[in-house]
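> Below is the file coords.pdb, with PDB, C-alpha atoms, pLDDT in the B column.
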ATOM      1  CA  MET A   1       8.892  36.319  71.589  1.00 48.00           C
ATOM      2  CA  ARG A   2       8.281  34.014  68.680  1.00 49.00           C
ATOM      3  CA  SER A   3      10.628  33.727  65.752  1.00 50.00           C
ATOM      4  CA  ALA A   4       9.416  34.001  62.176  1.00 50.00           C
ATOM      5  CA  ASP A   5       9.191  30.183  61.907  1.00 51.00           C
ATOM      6  CA  GLN A   6       6.926  29.961  64.906  1.00 55.00           C
ATOM      7  CA  ARG A   7       4.282  32.433  63.770  1.00 53.00           C
ATOM      8  CA  PRO A   8       0.806  31.029  63.500  1.00 52.00           C
ATOM      9  CA  GLN A   9      -0.241  30.347  59.943  1.00 54.00           C
ATOM     10  CA  ALA A  10      -2.539  32.957  58.625  1.00 52.00           C
ATOM     11  CA  THR A  11      -5.514  31.601  56.799  1.00 55.00           C
ATOM     12  CA  VAL A  12      -5.814  33.182  53.443  1.00 52.00           C
ATOM     13  CA  PRO A  13      -9.142  32.933  51.744  1.00 55.00           C
ATOM     14  CA  GLY A  14      -8.502  31.092  48.482  1.00 53.00           C
ATOM     15  CA  ALA A  15      -5.326  29.376  49.667  1.00 55.00           C
ATOM     16  CA  SER A  16      -7.089  26.027  49.536  1.00 65.00           C
ATOM     17  CA  TYR A  17      -8.384  26.990  46.071  1.00 66.00           C
ATOM     18  CA  THR A  18      -4.807  27.601  44.936  1.00 69.00           C
ATOM     19  CA  ALA A  19      -3.750  24.179  46.192  1.00 66.00           C
ATOM     20  CA  ALA A  20      -6.727  22.575  44.478  1.00 68.00           C
ATOM     21  CA  ALA A  21      -5.930  24.401  41.246  1.00 67.00           C
ATOM     22  CA  ALA A  22      -2.334  23.175  41.421  1.00 67.00           C
ATOM     23  CA  THR A  23      -3.554  19.637  41.998  1.00 71.00           C
ATOM     24  CA  MET A  24      -5.979  19.902  39.070  1.00 69.00           C
ATOM     25  CA  ALA A  25      -3.207  21.248  36.831  1.00 69.00           C
ATOM     26  CA  HIS A  26      -1.131  18.191  37.782  1.00 68.00           C
ATOM     27  CA  TYR A  27      -4.001  15.860  36.855  1.00 70.00           C
ATOM     28  CA  LYS A  28      -4.568  17.708  33.569  1.00 74.00           C
ATOM     29  CA  ALA A  29      -0.880  17.307  32.705  1.00 73.00           C
ATOM     30  CA  ALA A  30      -1.087  13.592  33.528  1.00 75.00           C
ATOM     31  CA  ASP A  31      -4.312  13.286  31.498  1.00 81.00           C
ATOM     32  CA  SER A  32      -2.633  15.080  28.610  1.00 87.00           C
ATOM     33  CA  LYS A  33       0.269  12.620  28.704  1.00 88.00           C
ATOM     34  CA  ARG A  34      -2.162   9.705  28.875  1.00 90.00           C
ATOM     35  CA  GLU A  35      -4.110  11.092  25.933  1.00 90.00           C
ATOM     36  CA  GLN A  36      -0.924  11.525  23.899  1.00 91.00           C
ATOM     37  CA  PHE A  37       0.095   7.955  24.706  1.00 91.00           C
ATOM     38  CA  ARG A  38      -3.370   6.657  23.792  1.00 91.00           C
ATOM     39  CA  ARG A  39      -3.203   8.476  20.440  1.00 92.00           C
ATOM     40  CA  TYR A  40       0.274   7.038  19.865  1.00 93.00           C
ATOM     41  CA  LEU A  41      -1.006   3.488  20.530  1.00 91.00           C
ATOM     42  CA  GLU A  42      -4.002   4.064  18.278  1.00 91.00           C
ATOM     43  CA  LYS A  43      -1.915   5.546  15.462  1.00 93.00           C
ATOM     44  CA  SER A  44       0.589   2.678  15.539  1.00 90.00           C
ATOM     45  CA  GLY A  45      -2.161   0.035  15.400  1.00 89.00           C
ATOM     46  CA  VAL A  46      -1.536  -1.390  18.854  1.00 89.00           C
ATOM     47  CA  LEU A  47      -5.077  -0.770  20.095  1.00 90.00           C
ATOM     48  CA  ASP A  48      -6.626  -2.449  17.035  1.00 91.00           C
ATOM     49  CA  THR A  49      -4.338  -5.472  17.334  1.00 89.00           C
ATOM     50  CA  LEU A  50      -4.972  -5.884  21.049  1.00 90.00           C
ATOM     51  CA  THR A  51      -8.703  -5.510  20.495  1.00 92.00           C
ATOM     52  CA  LYS A  52      -8.716  -8.177  17.782  1.00 91.00           C
ATOM     53  CA  VAL A  53      -6.760 -10.638  19.936  1.00 90.00           C
ATOM     54  CA  LEU A  54      -8.976 -10.027  22.961  1.00 92.00           C
ATOM     55  CA  VAL A  55     -12.101 -10.466  20.831  1.00 93.00           C
ATOM     56  CA  ALA A  56     -10.659 -13.744  19.487  1.00 91.00           C
ATOM     57  CA  LEU A  57     -10.091 -14.913  23.068  1.00 92.00           C
ATOM     58  CA  TYR A  58     -13.620 -13.853  24.025  1.00 93.00           C
ATOM     59  CA  GLU A  59     -15.127 -15.703  21.059  1.00 93.00           C
ATOM     60  CA  GLU A  60     -13.039 -18.846  21.668  1.00 91.00           C
ATOM     61  CA  PRO A  61     -15.591 -21.619  22.427  1.00 92.00           C
ATOM     62  CA  GLU A  62     -13.193 -23.521  24.679  1.00 92.00           C
ATOM     63  CA  LYS A  63     -11.212 -21.059  26.732  1.00 91.00           C
ATOM     64  CA  PRO A  64      -7.494 -21.907  26.906  1.00 90.00           C
ATOM     65  CA  ASN A  65      -5.911 -22.817  30.232  1.00 92.00           C
ATOM     66  CA  SER A  66      -3.586 -19.851  29.936  1.00 89.00           C
ATOM     67  CA  ALA A  67      -5.045 -16.647  28.554  1.00 89.00           C
ATOM     68  CA  LEU A  68      -1.574 -15.120  28.601  1.00 88.00           C
ATOM     69  CA  ASP A  69      -0.189 -17.899  26.374  1.00 86.00           C
ATOM     70  CA  PHE A  70      -3.145 -17.374  24.022  1.00 88.00           C
ATOM     71  CA  LEU A  71      -2.326 -13.661  23.799  1.00 87.00           C
ATOM     72  CA  LYS A  72       1.385 -14.315  23.291  1.00 85.00           C
ATOM     73  CA  HIS A  73       0.671 -16.838  20.529  1.00 84.00           C
ATOM     74  CA  HIS A  74      -1.773 -14.593  18.687  1.00 84.00           C
ATOM     75  CA  LEU A  75       0.302 -11.457  19.118  1.00 84.00           C
ATOM     76  CA  GLY A  76       3.411 -13.300  17.992  1.00 77.00           C
ATOM     77  CA  ALA A  77       1.687 -14.064  14.704  1.00 59.00           C
ATOM     78  CA  ALA A  78       1.256 -10.385  14.147  1.00 49.00           C
ATOM     79  CA  THR A  79       4.910  -9.493  14.533  1.00 53.00           C
ATOM     80  CA  PRO A  80       7.150  -8.830  11.540  1.00 56.00           C
ATOM     81  CA  GLU A  81       8.651 -11.922   9.964  1.00 63.00           C
ATOM     82  CA  ASN A  82      12.108 -13.106  10.813  1.00 73.00           C
ATOM     83  CA  PRO A  83      14.273 -12.808   7.640  1.00 80.00           C
ATOM     84  CA  GLU A  84      15.308 -16.455   8.019  1.00 83.00           C
ATOM     85  CA  ILE A  85      11.672 -17.550   7.944  1.00 83.00           C
ATOM     86  CA  GLU A  86      11.120 -15.587   4.736  1.00 83.00           C
ATOM     87  CA  LEU A  87      14.135 -17.280   3.137  1.00 88.00           C
ATOM     88  CA  LEU A  88      12.775 -20.680   4.141  1.00 89.00           C
ATOM     89  CA  ARG A  89       9.399 -19.829   2.616  1.00 89.00           C
ATOM     90  CA  LEU A  90      11.056 -18.875  -0.662  1.00 91.00           C
ATOM     91  CA  GLU A  91      13.077 -22.087  -0.637  1.00 95.00           C
ATOM     92  CA  LEU A  92       9.924 -24.096   0.039  1.00 95.00           C
ATOM     93  CA  ALA A  93       8.153 -22.455  -2.898  1.00 95.00           C
ATOM     94  CA  GLU A  94      11.093 -23.274  -5.178  1.00 96.00           C
ATOM     95  CA  MET A  95      11.123 -26.895  -3.991  1.00 97.00           C
ATOM     96  CA  LYS A  96       7.390 -27.206  -4.642  1.00 97.00           C
ATOM     97  CA  GLU A  97       7.895 -25.977  -8.205  1.00 97.00           C
ATOM     98  CA  LYS A  98      10.729 -28.460  -8.756  1.00 97.00           C
ATOM     99  CA  TYR A  99       8.606 -31.250  -7.302  1.00 97.00           C
ATOM    100  CA  GLU A 100       5.720 -30.479  -9.654  1.00 97.00           C
ATOM    101  CA  ALA A 101       8.108 -30.364 -12.643  1.00 97.00           C
ATOM    102  CA  ILE A 102       9.583 -33.750 -11.669  1.00 98.00           C
ATOM    103  CA  ILE A 103       6.121 -35.286 -11.259  1.00 98.00           C
ATOM    104  CA  GLU A 104       5.174 -34.022 -14.732  1.00 97.00           C
ATOM    105  CA  GLU A 105       8.416 -35.355 -16.215  1.00 97.00           C
ATOM    106  CA  ASN A 106       7.818 -38.705 -14.533  1.00 97.00           C
ATOM    107  CA  LYS A 107       4.361 -38.977 -16.115  1.00 96.00           C
ATOM    108  CA  LYS A 108       5.798 -38.221 -19.567  1.00 96.00           C
ATOM    109  CA  LEU A 109       8.552 -40.799 -19.143  1.00 95.00           C
ATOM    110  CA  LYS A 110       6.075 -43.461 -18.017  1.00 94.00           C
ATOM    111  CA  THR A 111       3.944 -42.758 -21.090  1.00 93.00           C
ATOM    112  CA  LYS A 112       7.004 -42.979 -23.346  1.00 93.00           C
ATOM    113  CA  LEU A 113       8.160 -46.191 -21.675  1.00 92.00           C
ATOM    114  CA  ALA A 114       4.721 -47.743 -22.088  1.00 89.00           C
ATOM    115  CA  GLN A 115       5.081 -47.324 -25.870  1.00 89.00           C
ATOM    116  CA  TYR A 116       8.176 -49.540 -25.927  1.00 88.00           C
ATOM    117  CA  GLU A 117       7.075 -52.180 -23.447  1.00 84.00           C
ATOM    118  CA  PRO A 118       4.439 -54.757 -24.156  1.00 77.00           C
ATOM    119  CA  PRO A 119       1.349 -54.553 -21.930  1.00 71.00           C
ATOM    120  CA  GLN A 120       1.578 -56.501 -18.650  1.00 71.00           C
ATOM    121  CA  GLU A 121      -0.971 -59.104 -19.875  1.00 67.00           C
ATOM    122  CA  GLU A 122       1.199 -60.044 -22.844  1.00 59.00           C
ATOM    123  CA  LYS A 123       4.228 -60.501 -20.599  1.00 58.00           C
ATOM    124  CA  ARG A 124       2.356 -62.982 -18.423  1.00 59.00           C
ATOM    125  CA  ALA A 125       1.190 -64.986 -21.406  1.00 57.00           C
ATOM    126  CA  GLU A 126       4.753 -65.483 -22.625  1.00 56.00           C
TER     127      GLU A 126
END
Show me, as structure tokens, the structure contained in the file I just sent.

Amino acid sequence: MRSADQRPQATVPGASYTAAAATMAHYKAADSKREQFRRYLEKSGVLDTLTKVLVALYEEPEKPNSALDFLKHHLGAATPENPEIELLRLELAEMKEKYEAIIEENKKLKTKLAQYEPPQEEKRAE
């Protein structure tokens, strides 16, 4: 006699359909997750940024030796600024203003000095 484990498998019409339906449900769940992830990337601007960088690489007349370095460089420019860099930019702007003010002051002082000094030609004649 055969035990219950050794019985021949009965073929059930539709059993293969059930397995196929289970497999399709698995793919639909995976597709749903993929679609959610795609929407997340689109909503956060990742797809647009990647597209722009890839288009820039495509339109580059002389292709770089390393496409990966090109992507890293161009994507790095799109990242949020380091606070230290922002502080340096502010300091640079202040220094430029001071420089311009000093240049202007220098011009005024040269004009004032020229009033009190004889012209260079008169100095030579003396």
> So that all listed atoms of stretch 52-56 of chain A fit with 4 Å spare on each side, what axis-aligned box centre and edge lengths in Å, to one decimal, would you give as AutoDock Vina command-line options?

--center_x -9.4 --center_y -11.0 --center_z 20.4 --size_x 13.3 --size_y 13.6 --size_z 13.2
> What separation in Å, quoted to one decimal, exists between atom CA of A:Glu105 and atom CA of A:Glu91?
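So the two atoms, atom CA of A:Glu105 and atom CA of A:Glu91, lie 21.0 Å apart.
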> Check the smallest atom-to-atom distance from each of A:Glu86, A:Leu71, A:Pro118, A:Phe37 to A:Val55 using all atoms listed in the file, then report the winner.
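Comparing A:Glu86, A:Leu71, A:Pro118, A:Phe37 against A:Val55, the winner is A:Leu71.
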> Which value, in Å to one decimal, gives the distance between atom CA of A:Asn82 and atom CA of A:Thr51?
24.2 Å
